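> See query_10.cif below, with mmCIF, C-alpha atoms.
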data_query
loop_
_atom_site.label_atom_id
_atom_site.label_comp_id
_atom_site.auth_asym_id
_atom_site.auth_seq_id
_atom_site.Cartn_x
_atom_site.Cartn_y
_atom_site.Cartn_z
CA MET K 18 -27.38 -14.54 -23.10
CA SER K 19 -27.01 -14.34 -26.84
CA THR K 20 -23.89 -15.54 -28.64
CA LYS K 21 -23.01 -11.98 -29.50
CA ASN K 22 -23.12 -10.91 -25.87
CA LEU K 23 -21.22 -13.99 -24.76
CA LYS K 24 -18.47 -13.14 -27.22
CA LEU K 25 -18.09 -9.77 -25.48
CA ILE K 26 -16.94 -11.65 -22.43
CA THR K 27 -14.98 -14.50 -23.98
CA ASN K 28 -13.11 -12.66 -26.74
CA PRO K 29 -11.08 -10.43 -24.39
CA LEU K 30 -10.03 -13.54 -22.48
CA ASN K 31 -8.26 -14.94 -25.50
CA ILE K 32 -8.17 -13.62 -29.06
CA ASP K 33 -8.80 -9.99 -28.13
CA ASN K 34 -6.97 -9.83 -24.83
CA PRO K 35 -6.27 -6.22 -23.79
CA ILE K 36 -2.73 -6.97 -22.60
CA THR K 37 -1.40 -9.65 -24.89
CA ILE K 38 -3.14 -8.69 -28.13
CA GLN K 39 -3.94 -4.99 -27.83
CA VAL K 40 -0.87 -4.39 -25.62
CA LEU K 41 -2.70 -1.89 -23.40
CA GLY K 42 -2.41 -1.46 -19.65
CA ILE K 43 1.21 -2.58 -19.63
CA CYS K 44 2.19 0.17 -17.20
CA SER K 45 0.07 -1.18 -14.38
CA ALA K 46 0.99 -4.74 -15.29
CA LEU K 47 4.58 -3.84 -14.46
CA ALA K 48 3.80 -2.14 -11.20
CA VAL K 49 1.52 -4.55 -9.38
CA THR K 50 2.70 -7.99 -10.42
CA VAL K 51 5.55 -8.46 -7.95
CA LYS K 52 3.16 -10.26 -5.60
CA LEU K 53 -0.06 -12.11 -6.22
CA GLU K 54 -2.15 -10.30 -3.64
CA PRO K 55 -1.90 -6.73 -4.98
CA ALA K 56 -2.42 -8.11 -8.49
CA VAL K 57 -5.73 -9.65 -7.44
CA VAL K 58 -6.82 -6.51 -5.58
CA MET K 59 -5.93 -4.43 -8.63
CA SER K 60 -7.85 -6.76 -10.96
CA ILE K 61 -10.99 -6.57 -8.85
CA SER K 62 -10.81 -2.78 -8.62
CA VAL K 63 -10.32 -2.44 -12.37
CA LEU K 64 -13.24 -4.81 -12.95
CA PHE K 65 -15.48 -2.62 -10.85
CA VAL K 66 -14.35 0.69 -12.31
CA MET K 67 -14.36 -0.51 -15.92
CA ALA K 68 -17.81 -2.13 -15.77
CA PHE K 69 -19.45 0.93 -14.23
CA ALA K 70 -17.58 3.52 -16.27
CA ASN K 71 -18.69 1.66 -19.37
CA VAL K 72 -22.33 1.65 -18.23
CA ILE K 73 -22.31 5.35 -17.30
CA ILE K 74 -20.67 6.44 -20.54
CA SER K 75 -23.03 4.23 -22.50
CA LEU K 76 -26.04 5.85 -20.79
CA LEU K 77 -24.69 9.30 -21.56
CA ARG K 78 -23.41 8.43 -25.04
CA ASN K 79 -26.01 10.39 -26.97
CA THR K 80 -25.57 13.53 -24.92
CA ILE K 81 -21.78 13.79 -24.80
CA PRO K 82 -20.38 16.56 -27.04
CA SER K 83 -17.82 14.78 -29.17
CA ARG K 84 -15.20 17.52 -28.80
CA ILE K 85 -14.91 17.04 -25.04
CA ARG K 86 -15.67 13.32 -24.88
CA ILE K 87 -12.20 12.35 -23.62
CA ILE K 88 -12.47 14.85 -20.77
CA VAL K 89 -15.93 13.55 -19.88
CA GLN K 90 -14.57 10.00 -19.85
CA LEU K 91 -11.70 10.99 -17.58
CA VAL K 92 -14.01 12.81 -15.18
CA ILE K 93 -16.26 9.76 -14.93
CA ILE K 94 -13.36 7.35 -14.38
CA ALA K 95 -11.64 9.60 -11.86
CA SER K 96 -14.77 10.18 -9.82
CA LEU K 97 -15.62 6.48 -9.78
CA VAL K 98 -12.13 5.67 -8.55
CA ILE K 99 -12.26 8.32 -5.82
CA LEU K 100 -15.71 7.14 -4.79
CA VAL K 101 -14.48 3.56 -4.48
CA ASP K 102 -11.43 4.72 -2.55
CA GLN K 103 -13.53 6.75 -0.09
CA VAL K 104 -15.98 3.92 0.52
CA LEU K 105 -13.15 1.42 1.04
CA LYS K 106 -11.41 3.77 3.47
CA ALA K 107 -14.56 3.90 5.53
CA PHE K 108 -15.75 0.32 5.38
CA ALA K 109 -12.83 -1.87 4.35
CA TYR K 110 -9.83 -0.07 5.73
CA ASP K 111 -7.42 -2.98 5.30
CA VAL K 112 -8.18 -3.36 1.61
CA SER K 113 -7.90 0.37 1.09
CA LYS K 114 -4.42 0.43 2.60
CA GLN K 115 -3.24 -2.11 0.03
CA LEU K 116 -4.99 -0.34 -2.77
CA SER K 117 -3.81 3.17 -1.96
CA VAL K 118 -0.81 3.06 -4.28
CA PHE K 119 -2.82 1.68 -7.17
CA VAL K 120 -5.70 4.11 -7.17
CA GLY K 121 -3.78 6.51 -9.37
CA LEU K 122 -2.85 3.66 -11.64
CA ILE K 123 -6.49 2.74 -12.21
CA ILE K 124 -7.29 6.26 -13.42
CA THR K 125 -4.44 6.15 -15.90
CA ASN K 126 -5.15 2.60 -17.04
CA CYS K 127 -5.39 2.93 -20.79
CA ILE K 128 -7.63 -0.13 -21.14
CA ILE K 129 -10.46 1.69 -19.38
CA MET K 130 -10.24 4.74 -21.62
CA GLY K 131 -9.77 2.48 -24.62
CA ARG K 132 -12.96 0.54 -23.94
CA LEU K 133 -14.97 3.70 -23.27
CA GLU K 134 -13.77 5.20 -26.52
CA ALA K 135 -14.00 2.07 -28.63
CA PHE K 136 -17.11 0.42 -27.25
CA ALA K 137 -19.24 2.24 -24.69
CA LEU K 138 -19.62 5.39 -26.80
CA GLY K 139 -21.39 3.40 -29.48
CA ASN K 140 -23.27 0.66 -27.67
CA LYS K 141 -26.19 0.11 -25.29
CA PRO K 142 -25.58 -0.18 -21.52
CA TRP K 143 -25.93 -3.95 -21.15
CA PRO K 144 -23.43 -4.95 -23.86
CA SER K 145 -21.14 -2.19 -22.55
CA PHE K 146 -21.30 -3.67 -19.09
CA LEU K 147 -20.42 -7.12 -20.45
CA ASP K 148 -17.61 -5.63 -22.51
CA GLY K 149 -16.20 -3.97 -19.38
CA VAL K 150 -16.40 -7.18 -17.38
CA GLY K 151 -14.83 -9.21 -20.20
CA ASN K 152 -11.94 -6.86 -20.79
CA SER K 153 -11.10 -6.44 -17.13
CA ALA K 154 -11.28 -10.21 -16.70
CA GLY K 155 -8.85 -10.62 -19.59
CA TYR K 156 -6.62 -8.00 -18.02
CA GLY K 157 -6.84 -9.56 -14.57
CA MET K 158 -6.14 -13.03 -15.91
CA ILE K 159 -2.79 -11.97 -17.39
CA LEU K 160 -1.97 -9.89 -14.32
CA ILE K 161 -2.55 -12.81 -11.99
CA LEU K 162 -0.60 -15.22 -14.20
CA VAL K 163 2.39 -12.88 -14.37
CA ALA K 164 2.21 -12.13 -10.64
CA PHE K 165 2.10 -15.86 -9.86
CA ILE K 166 5.25 -16.53 -11.90
CA ARG K 167 7.08 -13.51 -10.53
CA GLU K 168 6.22 -14.19 -6.91
CA LEU K 169 7.02 -17.90 -7.18
CA PHE K 170 10.47 -17.44 -8.70
CA GLY K 171 11.23 -14.02 -7.23
CA SER K 172 10.25 -14.58 -3.61
CA GLY K 173 9.68 -18.35 -3.45
CA SER K 174 6.16 -17.80 -2.20
CA VAL K 175 2.56 -17.75 -3.42
CA TRP K 176 0.11 -15.29 -1.83
CA GLY K 177 2.75 -14.59 0.80
CA PHE K 178 3.11 -18.24 1.85
CA GLN K 179 6.48 -19.88 1.37
CA VAL K 180 6.04 -22.73 -1.13
CA ILE K 181 9.61 -23.50 -2.08
CA PRO K 182 10.86 -25.74 0.75
CA GLU K 183 13.70 -24.50 2.97
CA GLY K 184 15.70 -27.57 1.95
CA PHE K 185 16.06 -26.28 -1.61
CA TYR K 186 17.90 -23.21 -0.37
CA GLU K 187 20.36 -25.37 1.53
CA PHE K 188 21.24 -27.10 -1.73
CA GLY K 189 22.08 -23.79 -3.32
CA TYR K 190 18.72 -22.73 -4.79
CA ALA K 191 18.29 -18.97 -4.71
CA ASN K 192 15.36 -16.68 -5.42
CA ASN K 193 15.73 -14.90 -8.71
CA GLY K 194 16.14 -11.24 -7.79
CA LEU K 195 15.57 -10.18 -11.39
CA MET K 196 11.99 -11.46 -11.17
CA ILE K 197 11.18 -8.75 -8.65
CA LEU K 198 12.37 -5.95 -10.92
CA PRO K 199 10.00 -4.38 -13.49
CA PRO K 200 11.81 -5.55 -16.68
CA MET K 201 10.98 -9.13 -15.81
CA ALA K 202 7.26 -8.33 -15.99
CA LEU K 203 7.73 -7.27 -19.61
CA ILE K 204 9.71 -10.41 -20.39
CA VAL K 205 7.09 -12.63 -18.77
CA VAL K 206 4.30 -10.82 -20.66
CA GLY K 207 6.35 -11.31 -23.81
CA ILE K 208 6.59 -15.04 -23.19
CA VAL K 209 2.84 -15.20 -22.55
CA ILE K 210 2.22 -13.42 -25.87
CA TRP K 211 4.55 -15.83 -27.65
CA VAL K 212 2.87 -18.92 -26.19
CA GLN K 213 -0.59 -17.56 -26.92
CA ARG K 214 0.27 -16.62 -30.51
CA ALA K 215 1.82 -20.00 -31.16
CA ARG K 216 -1.15 -21.93 -29.82
CA THR K 217 -4.12 -19.95 -31.11
CA ARG K 218 -4.95 -20.65 -34.72
CA GLU K 219 -6.89 -17.41 -35.31
CA LEU K 220 -3.84 -15.40 -34.38
CA ILE K 221 -1.32 -17.04 -36.66
CA GLU K 222 -0.53 -14.56 -39.37
CA ALA K 223 0.12 -15.93 -42.82
CA MET S 1 -30.39 18.86 -30.51
CA ASN S 2 -26.98 19.86 -31.76
CA THR S 3 -24.57 18.36 -29.27
CA ASN S 4 -21.63 20.00 -30.98
CA SER S 5 -22.56 23.64 -30.50
CA ASN S 6 -20.32 25.70 -28.26
CA ILE S 7 -23.09 26.63 -25.83
CA TYR S 8 -24.17 23.04 -25.38
CA THR S 9 -20.58 21.96 -24.77
CA PHE S 10 -20.07 24.66 -22.15
CA ILE S 11 -23.30 23.87 -20.34
CA TYR S 12 -22.64 20.14 -20.49
CA ALA S 13 -19.15 20.49 -19.05
CA SER S 14 -20.29 22.82 -16.26
CA VAL S 15 -23.23 20.65 -15.23
CA LEU S 16 -21.09 17.51 -15.29
CA VAL S 17 -18.38 19.06 -13.14
CA VAL S 18 -20.85 20.48 -10.62
CA VAL S 19 -22.71 17.17 -10.31
CA VAL S 20 -19.51 15.18 -9.87
CA ALA S 21 -18.05 17.69 -7.40
CA ALA S 22 -21.23 17.67 -5.32
CA LEU S 23 -21.36 13.90 -5.28
CA LEU S 24 -17.73 13.51 -4.26
CA SER S 25 -17.76 16.16 -1.56
CA PHE S 26 -20.98 14.77 -0.15
CA THR S 27 -19.46 11.28 0.13
CA ALA S 28 -16.20 12.61 1.53
CA ILE S 29 -17.96 14.62 4.25
CA LYS S 30 -20.38 11.83 5.12
CA LEU S 31 -17.66 9.21 5.40
CA GLN S 32 -15.04 11.33 7.13
CA PRO S 33 -15.93 10.43 10.75
CA ILE S 34 -15.83 6.71 9.96
CA GLN S 35 -12.51 7.08 8.16
CA GLU S 36 -10.97 9.01 11.05
CA GLN S 37 -12.14 6.39 13.49
CA ASN S 38 -10.43 3.72 11.34
CA ILE S 39 -7.19 5.68 11.45
CA ARG S 40 -7.42 6.06 15.24
CA ILE S 41 -8.03 2.34 15.65
CA GLU S 42 -5.11 1.48 13.41
CA LYS S 43 -2.87 3.73 15.49
CA MET S 44 -4.02 1.97 18.65
CA GLN S 45 -3.38 -1.43 17.06
CA ASN S 46 0.11 -0.34 16.02
CA ILE S 47 0.96 0.93 19.48
CA LEU S 48 -0.32 -2.27 21.05
CA SER S 49 1.55 -4.49 18.63
CA SER S 50 4.86 -2.83 19.55
CA VAL S 51 4.50 -4.45 22.97
CA GLY S 52 3.45 -7.74 21.41
CA ILE S 53 -0.31 -7.42 21.84
CA GLU S 54 -2.34 -8.24 18.75
CA SER S 55 -5.83 -6.81 18.79
CA SER S 56 -8.80 -7.01 16.45
CA VAL S 57 -10.50 -3.90 15.09
CA GLU S 58 -13.43 -4.33 17.49
CA GLN S 59 -11.34 -4.78 20.63
CA ALA S 60 -8.59 -2.29 19.87
CA GLU S 61 -10.04 0.63 21.82
CA GLU S 62 -10.88 -1.45 24.87
CA MET S 63 -7.48 -3.14 24.93
CA PHE S 64 -5.70 0.15 24.37
CA ASN S 65 -7.38 1.61 27.46
CA LYS S 66 -6.55 -1.49 29.44
CA PHE S 67 -2.85 -1.86 28.61
CA ILE S 68 -1.69 1.66 27.88
CA THR S 69 -1.65 3.00 31.39
CA LYS S 70 0.16 6.29 31.01
CA ASP S 71 0.42 8.88 28.37
CA ILE S 72 3.59 10.95 28.46
CA VAL S 73 4.38 14.22 26.71
CA ILE S 74 7.85 15.68 27.14
CA ASN S 75 10.00 18.27 25.44
CA THR S 76 13.49 17.68 24.07
CA LYS S 77 14.99 18.56 27.48
CA ALA S 78 13.01 15.72 29.04
CA ASP S 79 10.69 17.99 31.05
CA LYS S 80 7.12 16.83 31.36
CA VAL S 81 4.61 18.90 29.45
CA GLU S 82 1.11 19.27 30.85
CA GLY S 83 -2.10 19.78 28.98
CA GLN S 84 -1.24 17.72 25.87
CA LYS S 85 -2.50 14.29 24.97
CA ALA S 86 0.21 12.03 23.58
CA PHE S 87 -2.25 10.11 21.43
CA ASP S 88 -3.54 13.21 19.68
CA LEU S 89 -0.14 14.75 18.93
CA ASN S 90 0.68 14.86 15.25
CA LEU S 91 4.24 13.61 14.98
CA LYS S 92 4.78 15.10 11.56
CA LYS S 93 3.91 18.59 12.78
CA GLU S 94 6.01 18.20 15.92
CA TYR S 95 9.13 17.23 13.98
CA LYS S 96 8.69 20.25 11.75
CA LYS S 97 8.84 22.59 14.75
CA SER S 98 12.11 23.86 16.16
CA GLU S 99 13.61 21.70 18.89
CA GLU S 100 12.71 24.09 21.72
CA THR S 101 9.00 24.09 20.99
CA ARG S 102 8.70 20.45 20.05
CA PHE S 103 6.44 18.14 22.06
CA LEU S 104 7.37 14.48 22.14
CA PRO S 105 4.75 11.83 22.79
CA ALA S 106 5.41 8.51 24.50
CA PHE S 107 3.24 5.85 26.09
CA GLU S 108 3.65 3.58 29.04
CA ALA S 109 2.18 0.11 28.83
CA THR S 110 1.58 -2.21 31.75
CA LEU S 111 1.51 -5.82 30.62
CA ASP S 112 -0.32 -8.75 32.20
CA ASP S 113 2.77 -9.76 34.19
CA GLY S 114 2.97 -6.28 35.72
CA SER S 115 6.07 -5.21 33.82
CA LYS S 116 6.11 -1.70 32.42
CA LYS S 117 7.22 -0.86 28.88
CA ILE S 118 7.84 2.52 27.36
CA ILE S 119 6.66 3.04 23.79
CA ILE S 120 8.15 5.69 21.51
CA PRO S 121 6.58 6.59 18.16
CA LEU S 122 8.86 6.97 15.13
CA LEU S 123 8.52 8.77 11.82
CA GLY S 124 10.92 8.88 8.89
CA LYS S 125 11.40 8.58 5.15
CA GLY S 126 11.67 5.40 3.12
CA LEU S 127 12.42 5.07 -0.57
CA TRP S 128 9.08 6.22 -1.99
CA GLY S 129 7.26 7.79 0.91
CA PRO S 130 6.96 8.03 4.66
CA VAL S 131 7.76 5.14 6.97
CA TRP S 132 6.72 5.06 10.60
CA GLY S 133 6.61 2.77 13.55
CA TYR S 134 6.63 2.27 17.30
CA VAL S 135 9.44 0.89 19.38
CA SER S 136 9.01 -0.27 22.96
CA PHE S 137 11.69 -0.52 25.65
CA ASN S 138 12.03 -2.51 28.83
CA GLU S 139 12.21 -0.73 32.16
CA ASP S 140 15.96 -0.22 31.70
CA PHE S 141 15.15 2.25 28.88
CA ASN S 142 17.83 0.56 26.81
CA THR S 143 16.72 -2.89 25.68
CA ILE S 144 14.15 -3.03 22.90
CA TYR S 145 11.14 -5.09 23.88
CA GLY S 146 9.40 -4.93 20.52
CA ALA S 147 9.12 -2.88 17.37
CA THR S 148 6.54 -2.41 14.69
CA PHE S 149 6.98 -0.59 11.40
CA ASP S 150 4.76 0.40 8.54
CA HIS S 151 5.08 2.34 5.33
CA LYS S 152 2.99 4.15 2.78
CA SER S 153 4.33 2.98 -0.56
CA GLU S 154 7.53 0.94 -0.35
CA THR S 155 8.25 -1.64 -3.08
CA PRO S 156 6.15 -4.79 -2.56
CA GLY S 157 8.31 -7.82 -1.83
CA LEU S 158 11.37 -5.69 -1.04
CA GLY S 159 11.24 -2.60 1.15
CA ALA S 160 7.59 -3.22 1.95
CA ASP S 161 8.63 -6.20 4.06
CA ILE S 162 9.66 -3.89 6.92
CA ASN S 163 6.18 -4.46 8.35
CA LYS S 164 6.63 -8.25 8.37
CA SER S 165 7.21 -9.91 11.71
CA TRP S 166 10.48 -11.59 10.66
CA PHE S 167 12.02 -8.17 10.18
CA GLU S 168 10.46 -6.57 13.25
CA ASP S 169 11.30 -9.50 15.54
CA GLN S 170 15.01 -9.01 14.91
CA PHE S 171 14.90 -5.82 16.98
CA LYS S 172 13.82 -7.64 20.14
CA GLY S 173 16.52 -7.65 22.81
CA LYS S 174 18.83 -5.24 21.00
CA THR S 175 20.20 -2.36 23.05
CA ILE S 176 20.43 1.24 21.91
CA PHE S 177 23.08 2.51 24.32
CA ASP S 178 26.73 1.55 24.08
CA GLY S 179 28.05 2.66 27.44
CA GLU S 180 27.12 6.34 27.59
CA LYS S 181 26.57 6.76 23.89
CA LEU S 182 23.27 6.44 22.07
CA THR S 183 24.29 4.21 19.17
CA SER S 184 20.74 3.38 18.13
CA ILE S 185 20.30 0.34 15.88
CA THR S 186 22.37 -0.30 12.77
CA ILE S 187 20.79 -2.21 9.90
CA HIS S 188 23.44 -4.22 8.10
CA LYS S 189 23.27 -4.67 4.36
CA GLY S 190 23.82 -8.17 3.02
CA GLY S 191 20.74 -10.20 3.90
CA LYS S 192 20.47 -12.90 6.53
CA GLY S 193 23.33 -12.98 9.02
CA ALA S 194 24.86 -9.68 7.95
CA ALA S 195 24.75 -8.25 11.48
CA ALA S 196 26.55 -11.31 12.81
CA ILE S 197 29.26 -11.02 10.15
CA ALA S 198 29.73 -7.36 11.06
CA ASN S 199 30.09 -8.56 14.64
CA ASN S 200 27.36 -6.27 15.86
CA THR S 201 24.68 -8.52 17.30
CA GLU S 202 24.05 -6.16 20.22
CA HIS S 203 23.02 -3.07 18.27
CA GLY S 204 22.62 -4.46 14.75
CA VAL S 205 20.01 -6.29 12.68
CA ASP S 206 19.97 -7.68 9.12
CA ALA S 207 18.65 -5.58 6.27
CA ILE S 208 16.19 -6.88 3.67
CA SER S 209 18.04 -7.85 0.50
CA GLY S 210 16.88 -5.57 -2.27
CA GLY S 211 15.32 -3.18 0.23
CA THR S 212 18.48 -1.37 1.25
CA ILE S 213 17.23 2.18 0.84
CA THR S 214 14.07 1.50 2.82
CA CYS S 215 16.16 -0.16 5.54
CA LYS S 216 18.51 2.82 5.64
CA GLY S 217 15.41 4.98 6.02
CA VAL S 218 14.27 2.87 8.97
CA GLU S 219 17.73 3.07 10.53
CA GLU S 220 17.82 6.85 10.21
CA MET S 221 14.26 7.14 11.47
CA ILE S 222 15.09 5.22 14.65
CA LYS S 223 18.24 7.22 15.25
CA ASP S 224 16.78 10.66 14.50
CA CYS S 225 13.70 10.11 16.61
CA LEU S 226 15.52 8.56 19.55
CA LEU S 227 18.03 11.43 19.63
CA ASN S 228 15.12 13.69 20.59
CA TYR S 229 14.34 11.42 23.49
CA GLU S 230 17.97 10.98 24.54
CA PRO S 231 17.82 13.20 27.67
CA TYR S 232 14.61 11.49 28.75
CA LEU S 233 16.02 8.01 28.19
CA ASN S 234 19.23 8.96 29.96
CA ASN S 235 17.42 10.29 33.04
CA ASN S 236 15.46 7.11 33.45
CA ARG S 237 18.06 4.61 32.37
CA SER S 238 19.32 2.15 34.96
CA LYS S 239 23.05 2.55 34.69
#
Mind converting the file's structure to structure tokens?


Amino acid sequence: MSTKNLKLITNPLNIDNPITIQVLGICSALAVTVKLEPAVVMSISVLFVMAFANVIISLLRNTIPSRIRIIVQLVIIASLVILVDQVLKAFAYDVSKQLSVFVGLIITNCIIMGRLEAFALGNKPWPSFLDGVGNSAGYGMILILVAFIRELFGSGSVWGFQVIPEGFYEFGYANNGLMILPPMALIVVGIVIWVQRARTRELIEA
Amino acid sequence: MNTNSNIYTFIYASVLVVVVAALLSFTAIKLQPIQEQNIRIEKMQNILSSVGIESSVEQAEEMFNKFITKDIVINTKADKVEGQKAFDLNLKKEYKKSEETRFLPAFEATLDDGSKKIIIPLLGKGLWGPVWGYVSFNEDFNTIYGATFDHKSETPGLGADINKSWFEDQFKGKTIFDGEKLTSITIHKGGKGAAAIANNTEHGVDAISGGTITCKGVEEMIKDCLLNYEPYLNNNRSK
């Protein structure tokens, strides 16, 4: 893999992260980060949809009339999502039950549209695929980090398992109810952005 | 070719939509039988789990046939209705009908120790969408033997916890009749121990903190559904 292609994957993880730098996809970051499990399921689904939508749009890029390109992008994303949903319902029913609420959120995820518009429309399929994988990985990374923090302090558990010992509660420790509410997701994302900006040299503005 | 001409745009859009529509309807039709089977199996698993039997996807059908020994359909006056299968009744449709024409499904389970349990399906509204469940009674038609709940889209970590065993297990051993009156089950707000504080350990359980509206929905669901079965429960109840 060439350096240029590698950058397509590594940049979105750090200096071009869709959530913390481009501040896209915040809506779904609020909704699915109460617990770790749905956050991981959501990340995997977005990875799949974004990689393939990017490839399909990239293959069609020279034929798409520019006046209706946004509609074409939406049609492709929506049909991919429905396709995934149907296949999961038939062959992985348990996963599909967890995902059901988030399917709509994937279609409206602005990162997917953003990458189609900004990258796949002007690049070959293979780099587009890598770009999709990189961006969804960057998105998933932040989602999982936020979900981990919120679940740990909000429910005292990780992946549904209790990790804060019962003894703590007897000494007056209490789960932070605010962590479960949506505003806390924004605050946690804000803290992540702060830490990242402070530690990454490329991002420090003069 | 000029990809910006009107004709090209029209043709492109039409072809795209037709291709996508064909693809999606083809998949939906092809996969429908498998999906319906999954839903049937889940229903069987839910019914079984209300009497404390956990089954895997593969065994569900076999175990359902083994343990669920009778299939009961009644009307709101507690008369038996013939010619209907309880498992195939659509609860949502039945509750939309007027009371006189409503069919009510119930199941009888015979456990390994020979005891019989009666299972009643429930359907109600939570905070964001439907909630449903199954509640099973001992032979006295009064004491809850087990309960199982599920939901479509309640808040994860809050209301969604109604399908967790720590919430469901609280219902075990509670009674729904207070003397002659159907009191159903009250869900007390205030987290752990709230039912005990309210001095209602016989007909009360603790709500989920932060999931009050979902819990209220579950409470109403149990009450509303059981009211339909009241004559039936009363006829069979050991007084």

> Using the chain letters and numbers from this file, what does the PyMOL selection byres ((chain K) within 6 of (chain S)) select? Give the answer as a list in words.

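With the shown file as input, the PyMOL selection byres ((chain K) within 6 of (chain S)) matches Pro82, Lys106 and Ala107 of chain K.
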
> Could you turn the residues from that selection into a file that holds C-alpha atoms, as a CSV table (one decimal), keeping the file's coordinate frame?


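Here's the written file out_12.csv:
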chain,number,residue,atom,x,y,z
K,82,PRO,CA,-20.4,16.6,-27.0
K,106,LYS,CA,-11.4,3.8,3.5
K,107,ALA,CA,-14.6,3.9,5.5

> Would you list the residues near (4.6, -1.9, 15.1) (no more than 6 Å away, in the coordinates of the file, using only C-alpha atoms) as a list of chain:residue names?

S:Asn46, S:Ser49, S:Ser50, S:Gly133, S:Tyr134, S:Ala147, S:Thr148, S:Phe149

> Write out as a count of residues only the residues lying within 10 Å of range 59-62 of chain S, counting only C-alpha atoms and excluding same-chain residues fewer than 2 positions away.

17

> With only C-alpha atoms as the counted atoms, please give the residues lying no more than 12 Å from Met158 in chain K, apart from itself and same-chain residues fewer than 3 positions off, as a ChimeraX atom specification.

/K:29-31,34-37,46,50,53,56-57,59-61,63-64,150-155,161-165,206,209

> Enumerate, as a PDB file with C-alpha atoms, keeping the file's coordinate frame, the residues matched when the PyMOL selection byres ((chain S and resi 237) around 10) is run on the file above.


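Output saved as expr_3.pdb:
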ATOM      1  CA  ASN S 138      12.030  -2.510  28.830  1.00  0.00           C
ATOM      2  CA  GLU S 139      12.210  -0.730  32.160  1.00  0.00           C
ATOM      3  CA  ASP S 140      15.960  -0.220  31.700  1.00  0.00           C
ATOM      4  CA  PHE S 141      15.150   2.250  28.880  1.00  0.00           C
ATOM      5  CA  ASN S 142      17.830   0.560  26.810  1.00  0.00           C
ATOM      6  CA  PHE S 177      23.080   2.510  24.320  1.00  0.00           C
ATOM      7  CA  PRO S 231      17.820  13.200  27.670  1.00  0.00           C
ATOM      8  CA  TYR S 232      14.610  11.490  28.750  1.00  0.00           C
ATOM      9  CA  LEU S 233      16.020   8.010  28.190  1.00  0.00           C
ATOM     10  CA  ASN S 234      19.230   8.960  29.960  1.00  0.00           C
ATOM     11  CA  ASN S 235      17.420  10.290  33.040  1.00  0.00           C
ATOM     12  CA  ASN S 236      15.460   7.110  33.450  1.00  0.00           C
ATOM     13  CA  SER S 238      19.320   2.150  34.960  1.00  0.00           C
ATOM     14  CA  LYS S 239      23.050   2.550  34.690  1.00  0.00           C
TER      15      LYS S 239
END

> Could you please determine the separation between CA of Thr143 in chain S and CA of Ile176 in chain S in Å, to one decimal place?

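Separation between CA of Thr143 in chain S and CA of Ile176 in chain S: 6.7 Å.
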
> What does the distance between CA of Val66 in chain K and CA of Asp111 in chain K come to in Å, to one decimal place?

19.3 Å

> Could you tell me how far CA of Leu91 in chain S sits from CA of Thr175 in chain S, in Å to one decimal place?

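Computed distance, CA of Thr175 in chain S to CA of Leu91 in chain S, equals 24.0 Å.
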
> Could you give me, as a ChimeraX atom specification, the residues within 8 Å of Glu54 in chain K, counting all atoms listed in the file and dropping anything in the same chain fewer than 3 positions from it?

/K:57-58,176-177

> Which polymer residues, protein or nucleic acid, are no farther than 12 Å from (-16.1, 14.8, -20.2), counting only C-alpha atoms, as number ranges by chain?

K: 73-74, 77-78, 80-96, 130, 133-134; S: 9-17, 20

> Limited to C-alpha atoms, could you put the picked residues into a file as a short mmCIF file (atom, residue, chain, number, x, y, z; two decimals), keeping the file's coordinate frame?


data_model
loop_
_atom_site.label_atom_id
_atom_site.label_comp_id
_atom_site.auth_asym_id
_atom_site.auth_seq_id
_atom_site.Cartn_x
_atom_site.Cartn_y
_atom_site.Cartn_z
CA ILE K 73 -22.31 5.35 -17.30
CA ILE K 74 -20.67 6.44 -20.54
CA LEU K 77 -24.69 9.30 -21.56
CA ARG K 78 -23.41 8.43 -25.04
CA THR K 80 -25.57 13.53 -24.92
CA ILE K 81 -21.78 13.79 -24.80
CA PRO K 82 -20.38 16.56 -27.04
CA SER K 83 -17.82 14.78 -29.17
CA ARG K 84 -15.20 17.52 -28.80
CA ILE K 85 -14.91 17.04 -25.04
CA ARG K 86 -15.67 13.32 -24.88
CA ILE K 87 -12.20 12.35 -23.62
CA ILE K 88 -12.47 14.85 -20.77
CA VAL K 89 -15.93 13.55 -19.88
CA GLN K 90 -14.57 10.00 -19.85
CA LEU K 91 -11.70 10.99 -17.58
CA VAL K 92 -14.01 12.81 -15.18
CA ILE K 93 -16.26 9.76 -14.93
CA ILE K 94 -13.36 7.35 -14.38
CA ALA K 95 -11.64 9.60 -11.86
CA SER K 96 -14.77 10.18 -9.82
CA MET K 130 -10.24 4.74 -21.62
CA LEU K 133 -14.97 3.70 -23.27
CA GLU K 134 -13.77 5.20 -26.52
CA THR S 9 -20.58 21.96 -24.77
CA PHE S 10 -20.07 24.66 -22.15
CA ILE S 11 -23.30 23.87 -20.34
CA TYR S 12 -22.64 20.14 -20.49
CA ALA S 13 -19.15 20.49 -19.05
CA SER S 14 -20.29 22.82 -16.26
CA VAL S 15 -23.23 20.65 -15.23
CA LEU S 16 -21.09 17.51 -15.29
CA VAL S 17 -18.38 19.06 -13.14
CA VAL S 20 -19.51 15.18 -9.87
#

> Give the answer as one residue: which of K:Ser62, K:Thr27, K:Gln213, K:Asn192 has the shortest atom-to-atom distance to Leu122 in chain K, using only C-alpha atoms?

K:Ser62

> Find the residues near Cys127 in chain K: any atom within 9 Å, counting only C-alpha atoms, skip ones fewer than 2 places away on the same chain, and give them as JSON, numbers by chain.

{"K": [41, 42, 43, 44, 123, 124, 125, 129, 130, 131, 132]}
